[in-house]
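Trainee: So here's input_38.txt, just compact mmCIF, C-alpha atoms and all ligand atoms:
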```
# COMPACT_ATOMS: atom_id res chain seq x y z
CA MET A 1 -0.17 7.82 7.32
CA SER A 2 0.86 10.79 5.18
CA VAL A 3 2.90 13.94 5.62
CA GLU A 4 1.54 17.29 4.51
CA VAL A 5 4.13 19.80 3.36
CA GLU A 6 2.62 23.22 2.81
CA ARG A 7 3.28 26.89 2.39
CA LYS A 8 0.64 29.48 3.20
CA PHE A 9 0.33 32.70 1.23
CA LEU A 10 -1.73 35.86 1.32
CA CYS A 11 -4.37 36.11 -1.40
CA ASN A 12 -5.00 39.31 -3.31
CA ALA A 13 -7.33 40.52 -6.06
CA ASP A 14 -5.07 38.97 -8.75
CA THR A 15 -4.71 35.49 -7.22
CA LEU A 16 -7.50 33.87 -9.26
CA LYS A 17 -6.23 35.41 -12.49
CA THR A 18 -2.67 34.25 -11.76
CA LEU A 19 -3.88 30.71 -11.03
CA GLU A 20 -5.61 30.64 -14.40
CA GLU A 21 -2.50 32.00 -16.16
CA ILE A 22 -0.22 29.31 -14.72
CA GLY A 23 -2.62 26.56 -15.82
CA ALA A 24 -4.07 25.66 -12.41
CA VAL A 25 -7.32 23.75 -12.76
CA CYS A 26 -10.14 24.36 -10.30
CA VAL A 27 -11.19 20.98 -8.92
CA GLY A 28 -14.05 22.27 -6.82
CA GLN A 29 -15.38 24.32 -3.98
CA ARG A 30 -16.49 22.87 -0.66
CA GLN A 31 -17.51 24.07 2.74
CA PHE A 32 -16.59 22.39 6.01
CA GLN A 33 -16.75 23.04 9.71
CA ASP A 34 -13.73 22.30 11.88
CA GLN A 35 -13.84 21.66 15.61
CA TYR A 36 -10.49 21.55 17.41
CA PHE A 37 -10.00 19.84 20.78
CA ASP A 38 -7.47 20.03 23.58
CA THR A 39 -7.29 19.63 27.36
CA PRO A 40 -8.03 22.74 29.48
CA VAL A 41 -4.26 23.14 30.04
CA PHE A 42 -3.45 22.76 26.32
CA ASP A 43 -1.47 19.51 26.54
CA LEU A 44 -1.89 18.80 22.82
CA THR A 45 -1.36 22.18 21.21
CA LEU A 46 1.62 22.98 23.46
CA ASN A 47 3.15 19.89 21.83
CA ASP A 48 2.14 21.27 18.39
CA MET A 49 -0.50 18.53 18.06
CA TRP A 50 -3.83 19.49 16.49
CA LEU A 51 -6.85 17.27 17.01
CA ARG A 52 -9.85 18.11 14.90
CA LYS A 53 -13.16 16.82 13.66
CA ARG A 54 -14.05 17.73 10.07
CA LYS A 55 -17.08 16.37 8.25
CA GLY A 56 -17.53 13.67 10.90
CA CYS A 57 -13.92 12.41 10.61
CA TRP A 58 -11.14 12.73 13.17
CA GLU A 59 -7.67 13.92 12.21
CA LEU A 60 -4.55 14.52 14.27
CA LYS A 61 -1.72 16.63 12.91
CA CYS A 62 1.64 16.07 14.63
CA PRO A 63 5.12 17.45 14.00
CA THR A 64 7.35 15.29 11.81
CA THR A 65 10.92 14.39 12.64
CA ALA A 66 13.58 15.31 10.09
CA VAL A 67 14.34 12.58 7.57
CA ASN A 68 18.04 11.81 6.94
CA GLY A 69 19.36 12.73 3.55
CA THR A 70 16.27 14.50 2.34
CA GLU A 71 16.67 17.84 4.05
CA GLU A 72 17.53 21.04 2.22
CA THR A 73 21.22 21.81 1.79
CA SER A 74 21.77 25.31 0.41
CA GLY A 75 21.01 28.66 2.07
CA GLU A 76 18.34 29.49 -0.50
CA GLN A 77 16.72 26.09 -0.01
CA SER A 78 16.58 26.44 3.76
CA LYS A 79 15.08 29.94 3.41
CA ALA A 80 12.34 28.49 1.19
CA ALA A 81 11.84 25.54 3.53
CA ALA A 82 11.45 27.87 6.51
CA LEU A 83 8.28 29.21 4.88
CA CYS A 84 6.81 25.72 4.78
CA SER A 85 5.33 23.55 7.50
CA ARG A 86 5.32 19.76 7.67
CA TYR A 87 2.87 17.73 9.67
CA LYS A 88 2.13 14.06 9.92
CA GLU A 89 -1.58 13.42 9.48
CA ILE A 90 -3.15 10.56 11.43
CA THR A 91 -6.73 9.71 10.45
CA ASN A 92 -7.24 6.29 12.05
CA LEU A 93 -9.19 6.86 15.29
CA PRO A 94 -7.51 4.16 17.45
CA ASP A 95 -4.09 5.52 16.36
CA ILE A 96 -5.22 9.05 17.20
CA GLN A 97 -6.42 7.96 20.65
CA LEU A 98 -3.16 6.15 21.31
CA ARG A 99 -1.08 9.19 20.35
CA VAL A 100 -3.28 11.55 22.40
CA LYS A 101 -3.08 9.25 25.40
CA GLU A 102 0.72 9.36 25.24
CA VAL A 103 0.70 13.14 25.47
CA ILE A 104 -2.03 14.01 27.94
CA LYS A 105 -1.47 13.49 31.62
CA GLU A 106 -4.78 11.71 32.24
CA ASP A 107 -4.50 8.08 33.25
CA VAL A 108 -6.61 6.20 30.69
CA ASP A 109 -6.46 2.40 30.69
CA SER A 110 -6.12 0.67 27.34
CA GLU A 111 -9.34 -1.33 27.73
CA THR A 112 -11.29 1.90 27.92
CA THR A 113 -9.85 3.26 24.66
CA GLU A 114 -10.31 -0.07 22.89
CA LYS A 115 -14.02 0.14 23.61
CA ILE A 116 -14.46 3.65 22.31
CA SER A 117 -13.03 3.87 18.85
CA SER A 118 -16.18 4.42 16.80
CA GLN A 119 -16.50 7.76 15.00
CA GLU A 120 -19.94 8.35 16.55
CA ASP A 121 -19.10 7.54 20.19
CA GLU A 122 -17.48 10.68 21.58
CA SER A 123 -17.21 9.49 25.19
CA TRP A 124 -13.41 9.22 24.76
CA LEU A 125 -13.26 13.04 24.67
CA GLY A 126 -14.60 13.27 28.23
CA ILE A 127 -12.41 10.37 29.41
CA MET A 128 -9.33 12.15 28.06
CA ASN A 129 -10.53 15.54 29.33
CA LEU A 130 -10.69 17.02 25.84
CA VAL A 131 -12.82 20.08 25.13
CA CYS A 132 -13.53 22.03 21.97
CA PHE A 133 -11.48 25.26 21.89
CA ALA A 134 -12.09 26.41 18.31
CA GLU A 135 -14.92 26.00 15.87
CA PHE A 136 -15.19 27.68 12.48
CA THR A 137 -16.38 27.12 8.95
CA THR A 138 -14.22 27.40 5.85
CA VAL A 139 -15.18 27.78 2.20
CA ARG A 140 -12.34 26.24 0.18
CA ARG A 141 -11.64 26.45 -3.52
CA SER A 142 -9.09 23.88 -4.63
CA PHE A 143 -6.84 23.92 -7.68
CA THR A 144 -4.36 21.40 -9.04
CA LEU A 145 -1.25 21.78 -11.11
CA GLU A 146 -1.31 18.45 -12.91
CA GLU A 147 2.40 18.22 -13.81
CA GLU A 148 3.56 19.15 -10.30
CA GLY A 149 1.35 16.97 -8.07
CA VAL A 150 0.61 20.14 -6.16
CA GLN A 151 -2.69 21.32 -4.70
CA ILE A 152 -3.47 24.97 -4.13
CA ASP A 153 -6.30 25.85 -1.74
CA LEU A 154 -7.91 29.24 -1.29
CA ASP A 155 -9.64 29.35 2.09
CA GLN A 156 -12.20 31.85 3.32
CA ALA A 157 -12.89 31.37 7.04
CA ASP A 158 -16.19 32.56 8.53
CA PHE A 159 -14.40 34.88 10.96
CA GLY A 160 -13.18 36.99 8.06
CA TYR A 161 -9.74 35.62 7.16
CA HIS A 162 -8.66 34.70 3.66
CA VAL A 163 -5.53 32.60 3.15
CA GLY A 164 -4.04 30.42 0.43
CA GLU A 165 -1.89 27.32 0.74
CA ILE A 166 0.31 25.36 -1.61
CA GLU A 167 0.28 21.76 -0.49
CA VAL A 168 2.04 18.51 -1.37
CA LEU A 169 1.13 15.23 0.32
CA ILE A 170 3.81 12.58 0.59
CA PRO A 171 3.88 9.19 2.29
CA GLU A 172 5.62 9.03 5.68
CA GLY A 173 9.38 8.80 5.03
CA GLY A 174 8.81 10.16 1.50
CA ASP A 175 10.87 12.74 -0.36
CA VAL A 176 10.46 15.99 1.60
CA GLN A 177 13.11 17.72 -0.51
CA SER A 178 11.21 17.12 -3.72
CA ALA A 179 7.96 18.32 -2.09
CA LEU A 180 9.74 21.53 -0.96
CA GLU A 181 11.07 22.08 -4.50
CA LYS A 182 7.59 21.64 -6.00
CA ILE A 183 6.21 24.16 -3.51
CA GLU A 184 9.02 26.62 -4.25
CA ARG A 185 8.48 26.34 -8.04
CA THR A 186 4.74 26.88 -7.56
CA ALA A 187 5.37 29.87 -5.28
CA GLN A 188 7.56 31.40 -7.98
CA LYS A 189 4.91 30.80 -10.65
CA LEU A 190 2.39 32.52 -8.38
CA GLY A 191 4.81 35.43 -8.00
CA LEU A 192 5.03 35.10 -4.22
CA THR A 193 7.78 37.41 -3.11
CA GLY A 194 7.36 37.60 0.69
CA HIS A 195 9.90 35.96 2.94
CA GLN A 196 7.67 36.04 6.03
CA ARG A 197 5.68 33.03 7.20
CA VAL A 198 2.00 33.71 6.66
CA GLU A 199 -0.38 33.16 9.58
CA GLY A 200 -2.85 30.30 9.29
CA LYS A 201 -6.54 30.37 10.16
CA MET A 202 -5.93 29.01 13.66
CA HIS A 203 -3.36 31.69 14.43
CA ILE A 204 -5.88 34.45 13.70
CA TYR A 205 -8.76 32.58 15.39
CA LEU A 206 -6.85 32.13 18.67
CA LYS A 207 -5.49 35.68 18.64
CA ARG A 208 -9.03 37.02 18.37
CA ASN A 209 -11.03 34.52 20.42
CA ARG A 210 -8.68 32.73 22.83
CA PRO A 211 -6.01 35.24 23.91
CA GLU A 212 -4.80 33.18 26.88
CA HIS A 213 -4.34 30.06 24.75
CA TYR A 214 -2.71 32.17 22.00
CA GLU A 215 -0.19 33.72 24.43
CA LYS A 216 0.74 30.29 25.84
CA LEU A 217 1.43 28.96 22.32
CA LEU A 218 3.46 32.05 21.38
CA SER A 219 5.56 31.72 24.54
CA ALA A 220 6.14 28.04 23.77
CA HIS A 221 7.10 28.99 20.17
CA VAL A 222 4.37 26.75 18.77
CA LEU A 223 2.82 29.61 16.77
C1 LIG A 301 -0.89 22.35 12.10
C2 LIG A 301 -1.56 23.53 12.70
C3 LIG A 301 -2.91 23.62 12.82
C4 LIG A 301 -3.92 22.68 12.36
C5 LIG A 301 -4.56 23.28 11.15
O1 LIG A 301 -3.64 23.25 10.15
P1 LIG A 301 -3.80 24.13 8.83
O2 LIG A 301 -3.02 23.44 7.78
O3 LIG A 301 -3.45 25.53 9.10
O4 LIG A 301 -5.37 24.07 8.57
P2 LIG A 301 -6.14 23.67 7.26
O5 LIG A 301 -7.59 23.95 7.48
O6 LIG A 301 -5.53 24.35 6.08
O7 LIG A 301 -5.89 22.13 7.18
P3 LIG A 301 -5.82 21.18 5.89
O8 LIG A 301 -7.17 21.20 5.24
O9 LIG A 301 -4.73 21.70 5.00
O10 LIG A 301 -5.49 19.81 6.46
S1 LIG A 301 -3.32 25.05 13.55
C6 LIG A 301 -1.73 25.51 13.73
N1 LIG A 301 -0.91 24.61 13.22
C7 LIG A 301 0.49 24.85 13.24
C8 LIG A 301 0.90 25.73 12.08
C9 LIG A 301 2.01 26.54 12.19
N2 LIG A 301 2.74 26.56 13.32
N3 LIG A 301 2.38 27.34 11.15
C10 LIG A 301 1.67 27.34 10.02
C11 LIG A 301 2.09 28.22 8.88
N4 LIG A 301 0.59 26.57 9.87
C12 LIG A 301 0.22 25.76 10.88
```
Any chance you could give the structure as structure tokens?

Mentor:
Amino acid sequence: MSVEVERKFLCNADTLKTLEEIGAVCVGQRQFQDQYFDTPVFDLTLNDMWLRKRKGCWELKCPTTAVNGTEETSGEQSKAAALCSRYKEITNLPDIQLRVKEVIKEDVDSETTEKISSQEDESWLGIMNLVCFAEFTTVRRSFTLEEEGVQIDLDQADFGYHVGEIEVLIPEGGDVQSALEKIERTAQKLGLTGHQRVEGKMHIYLKRNRPEHYEKLLSAHVL
């Protein structure tokens, strides 16, 4: 299991030029479709849990709990950290099903979930009352900064939203503080000056396409 620490940023006409100037290396462009799932009463997303299928693989993003001794200490550090999000990424399907089962209110016996952990068999979605609430395609250009262990993604979603993210992956229980510092140094190199959190693709998608779901998440302070 890994933890993704990331900061989103708004792209502009100079972003590509700046990436080149700071020595970022383009490691490729790919396109993928994401489908996100939740119960009709939003049990998962109201708990800030994001279940998705991308390129035939399941992923669950869950909030992390703070790790002792590795959290930011100064005012400036906490301001920078507030612009970042941290999520645990679970990619093993039986682990995903277990975690989902803990959160949803459906009564699903363990024998049932044991039988349905193949990537192709999607009957577990119906059993757990999960339906697709968002579906969109992203074209992503990825860049690395070799010396920093940092990845920078420029995403263009098919509903007309362009967003960048600076991302560091660490093992669970790894050094969050060091990941935050890498992100902050990269943000400075990119000349990012804003102190506002930038909205992700899902934020814009829900606002435009699922207003009821969007309002529920805003009220619950998930978005
Ligand atoms: C965690 C989350 C969502 C799931 C999608 O996460 P995100 O990182 O935005 O998508 P993407 O396509 O870049 O995934 P990757 O390829 O990096 O794995 S949707 C909403 N959230 C919560 C959330 C939040 N509250 N604030 C911010 C800035 N981002 C995400």

Trainee: Please extract the residues at most 9 Å from ligand LIG 301 (chain A), counting all atoms listed in the file, and provide them as a PyMOL selection string, using the chain letters and residue numbers of this document.

Mentor: chain A and resi 4+6-8+34+36+45+48-52+59-63+83-87+89+138+140+153+155+163-165+167+197-203+221-223

Trainee: Between A:Val150, A:Leu10, A:Val103, A:Leu130, which one has atoms that come closest to A:Asn47, using only C-alpha atoms?

Mentor: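 Closest residue, counting only C-alpha atoms: A:Val103.
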
Trainee: In Å, how far is it from atom CA of A:Thr137 to atom CA of A:Ile22?

Mentor: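 Straight-line distance from atom CA of A:Thr137 to atom CA of A:Ile22 works out to 28.7 Å.
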
Trainee: In Å, rounded to a single decimal, give me how far atom CA of A:Lys105 is from atom CA of A:Trp124.

Mentor: 14.4 Å

Trainee: Counting only C-alpha atoms, I want the residues whose atoms come within 10 Å of (7.5, 10.2, 13.8) in the file frame, returned as a PyMOL selection string.

Mentor: chain A and resi 62-67+87-88+172-173

Trainee: If we count all atoms listed in the file, what is near A:Lys189 at a cut-off of 12 Å, once residues fewer than 6 positions away on the same chain are taken out, given as a VMD selection string?

Mentor: chain A and resid 15 18 to 24 145 148 166 182 to 183

Trainee: Rounded to one decimal place, report the atom CA of A:Ala82-atom CA of A:Arg185 distance in Å.

Mentor: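 One can read the atom CA of A:Ala82 to atom CA of A:Arg185 distance as 14.9 Å.
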
Trainee: With all atoms listed in the file as the basis for distance, which of A:Leu125, A:His162, A:Gln156, A:Gly194 is at the shortest distance from A:Gln33?

Mentor: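 Residue with the minimum atom-to-atom distance to A:Gln33: A:Gln156.
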
Trainee: Which of these residues is nearest to A:Lys207, using all atoms listed in the file: A:Glu181, A:Lys55, A:Phe159, A:Phe42?

Mentor: A:Phe159

Trainee: Got a moment to write stretch 20-174 of chain A out with C-alpha atoms, as a compact mmCIF listing (two decimals), in the first residue's frame?

Mentor:
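Final output, result36.txt:
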```txt
# COMPACT_ATOMS: atom_id res chain seq x y z
CA GLU A 20 11.56 22.47 -19.59
CA GLU A 21 13.52 25.27 -17.89
CA ILE A 22 13.59 23.49 -14.51
CA GLY A 23 14.86 20.29 -16.14
CA ALA A 24 11.65 18.24 -15.95
CA VAL A 25 11.76 15.29 -18.32
CA CYS A 26 8.61 14.24 -20.17
CA VAL A 27 8.13 10.51 -19.53
CA GLY A 28 5.10 10.12 -21.75
CA GLN A 29 1.53 10.87 -22.59
CA ARG A 30 -1.35 8.49 -21.97
CA GLN A 31 -5.09 8.49 -22.07
CA PHE A 32 -7.35 6.73 -19.60
CA GLN A 33 -10.99 6.53 -18.68
CA ASP A 34 -12.01 6.66 -15.02
CA GLN A 35 -15.26 5.31 -13.63
CA TYR A 36 -16.06 6.22 -10.02
CA PHE A 37 -18.50 4.23 -7.87
CA ASP A 38 -20.51 4.86 -4.73
CA THR A 39 -23.81 3.84 -3.15
CA PRO A 40 -26.90 5.92 -4.07
CA VAL A 41 -26.61 7.68 -0.67
CA PHE A 42 -22.88 8.39 -1.12
CA ASP A 43 -21.58 6.23 1.74
CA LEU A 44 -18.05 6.14 0.32
CA THR A 45 -17.48 9.69 -0.85
CA LEU A 46 -19.07 11.17 2.30
CA ASN A 47 -16.23 9.33 4.07
CA ASP A 48 -13.76 10.82 1.55
CA MET A 49 -13.26 7.38 -0.01
CA TRP A 50 -12.93 7.21 -3.80
CA LEU A 51 -13.47 3.91 -5.57
CA ARG A 52 -12.53 3.87 -9.22
CA LYS A 53 -11.81 1.63 -12.15
CA ARG A 54 -9.02 2.79 -14.46
CA LYS A 55 -7.67 0.71 -17.33
CA GLY A 56 -9.38 -2.41 -15.95
CA CYS A 57 -7.83 -2.03 -12.46
CA TRP A 58 -9.60 -1.13 -9.23
CA GLU A 59 -8.23 1.52 -6.88
CA LEU A 60 -9.53 2.90 -3.61
CA LYS A 61 -8.24 6.19 -2.25
CA CYS A 62 -8.81 6.70 1.48
CA PRO A 63 -7.80 9.45 3.89
CA THR A 64 -4.58 8.83 5.80
CA THR A 65 -4.18 9.29 9.52
CA ALA A 66 -1.46 11.68 10.69
CA VAL A 67 1.88 10.03 11.38
CA ASN A 68 3.61 10.93 14.66
CA GLY A 69 6.77 12.95 14.37
CA THR A 70 6.57 13.53 10.66
CA GLU A 71 4.07 16.35 10.53
CA GLU A 72 4.98 19.91 9.63
CA THR A 73 6.04 22.16 12.49
CA SER A 74 6.36 25.79 11.39
CA GLY A 75 3.61 28.16 10.22
CA GLU A 76 5.06 28.34 6.71
CA GLN A 77 5.26 24.54 6.54
CA SER A 78 1.65 24.08 7.60
CA LYS A 79 0.52 26.67 5.03
CA ALA A 80 2.33 24.71 2.32
CA ALA A 81 0.97 21.41 3.62
CA ALA A 82 -2.58 22.77 3.56
CA LEU A 83 -2.28 23.01 -0.23
CA CYS A 84 -1.48 19.31 -0.44
CA SER A 85 -3.67 16.26 -0.11
CA ARG A 86 -2.65 12.83 1.15
CA TYR A 87 -4.47 9.64 0.33
CA LYS A 88 -3.75 6.00 0.94
CA GLU A 89 -4.07 4.03 -2.29
CA ILE A 90 -5.36 0.47 -2.09
CA THR A 91 -5.08 -1.55 -5.31
CA ASN A 92 -5.62 -5.12 -4.11
CA LEU A 93 -9.25 -6.02 -4.90
CA PRO A 94 -9.98 -8.18 -1.81
CA ASP A 95 -8.56 -5.38 0.40
CA ILE A 96 -10.71 -2.84 -1.44
CA GLN A 97 -13.83 -4.96 -0.96
CA LEU A 98 -13.07 -5.41 2.73
CA ARG A 99 -12.62 -1.66 3.26
CA VAL A 100 -15.77 -0.82 1.26
CA LYS A 101 -17.77 -3.39 3.21
CA GLU A 102 -16.72 -1.73 6.48
CA VAL A 103 -18.10 1.60 5.33
CA ILE A 104 -21.32 0.80 3.49
CA LYS A 105 -24.39 -0.15 5.42
CA GLU A 106 -25.23 -3.19 3.28
CA ASP A 107 -24.97 -6.52 5.04
CA VAL A 108 -22.55 -8.56 2.89
CA ASP A 109 -21.35 -11.90 4.24
CA SER A 110 -17.65 -12.66 3.95
CA GLU A 111 -18.18 -15.82 1.88
CA THR A 112 -19.84 -13.74 -0.81
CA THR A 113 -16.91 -11.31 -1.10
CA GLU A 114 -14.36 -14.14 -1.05
CA LYS A 115 -16.01 -15.58 -4.14
CA ILE A 116 -16.01 -12.36 -6.11
CA SER A 117 -12.54 -10.92 -6.11
CA SER A 118 -11.61 -11.30 -9.77
CA GLN A 119 -11.07 -8.08 -11.74
CA GLU A 120 -13.53 -9.22 -14.43
CA ASP A 121 -16.41 -10.32 -12.18
CA GLU A 122 -18.25 -7.14 -11.27
CA SER A 123 -21.14 -8.79 -9.41
CA TRP A 124 -19.72 -7.43 -6.12
CA LEU A 125 -20.78 -3.92 -7.24
CA GLY A 126 -24.45 -4.95 -7.26
CA ILE A 127 -24.10 -6.89 -4.00
CA MET A 128 -22.65 -3.80 -2.31
CA ASN A 129 -25.16 -1.50 -4.02
CA LEU A 130 -22.45 0.45 -5.83
CA VAL A 131 -23.27 2.46 -8.94
CA CYS A 132 -21.14 4.54 -11.28
CA PHE A 133 -21.56 8.27 -10.53
CA ALA A 134 -18.78 9.75 -12.67
CA GLU A 135 -17.11 8.72 -15.88
CA PHE A 136 -14.59 10.78 -17.82
CA THR A 137 -11.46 10.48 -19.91
CA THR A 138 -8.16 12.19 -19.17
CA VAL A 139 -5.17 12.86 -21.39
CA ARG A 140 -2.14 13.01 -19.09
CA ARG A 141 1.37 14.19 -19.82
CA SER A 142 3.82 13.12 -17.12
CA PHE A 143 7.16 14.65 -16.21
CA THR A 144 9.80 13.65 -13.68
CA LEU A 145 12.35 15.64 -11.77
CA GLU A 146 15.02 12.98 -11.37
CA GLU A 147 16.83 14.44 -8.34
CA GLU A 148 13.61 15.06 -6.41
CA GLY A 149 11.68 11.78 -6.89
CA VAL A 150 8.76 13.96 -7.90
CA GLN A 151 6.24 13.41 -10.69
CA ILE A 152 4.40 16.26 -12.35
CA ASP A 153 1.24 15.44 -14.30
CA LEU A 154 -0.61 17.75 -16.65
CA ASP A 155 -4.18 16.50 -17.04
CA GLN A 156 -6.71 17.48 -19.68
CA ALA A 157 -10.16 16.05 -18.85
CA ASP A 158 -12.70 15.51 -21.63
CA PHE A 159 -15.21 17.84 -19.96
CA GLY A 160 -12.90 20.78 -20.55
CA TYR A 161 -10.81 21.10 -17.39
CA HIS A 162 -7.04 21.39 -17.35
CA VAL A 163 -5.15 20.85 -14.10
CA GLY A 164 -1.61 20.02 -13.01
CA GLU A 165 -0.40 18.05 -10.02
CA ILE A 166 2.90 17.63 -8.26
CA GLU A 167 2.98 14.17 -6.75
CA VAL A 168 5.23 12.15 -4.46
CA LEU A 169 4.46 8.52 -3.63
CA ILE A 170 5.69 7.16 -0.32
CA PRO A 171 5.20 3.82 1.41
CA GLU A 172 2.56 3.72 4.16
CA GLY A 173 4.16 5.15 7.33
CA GLY A 174 6.84 6.82 5.17
```
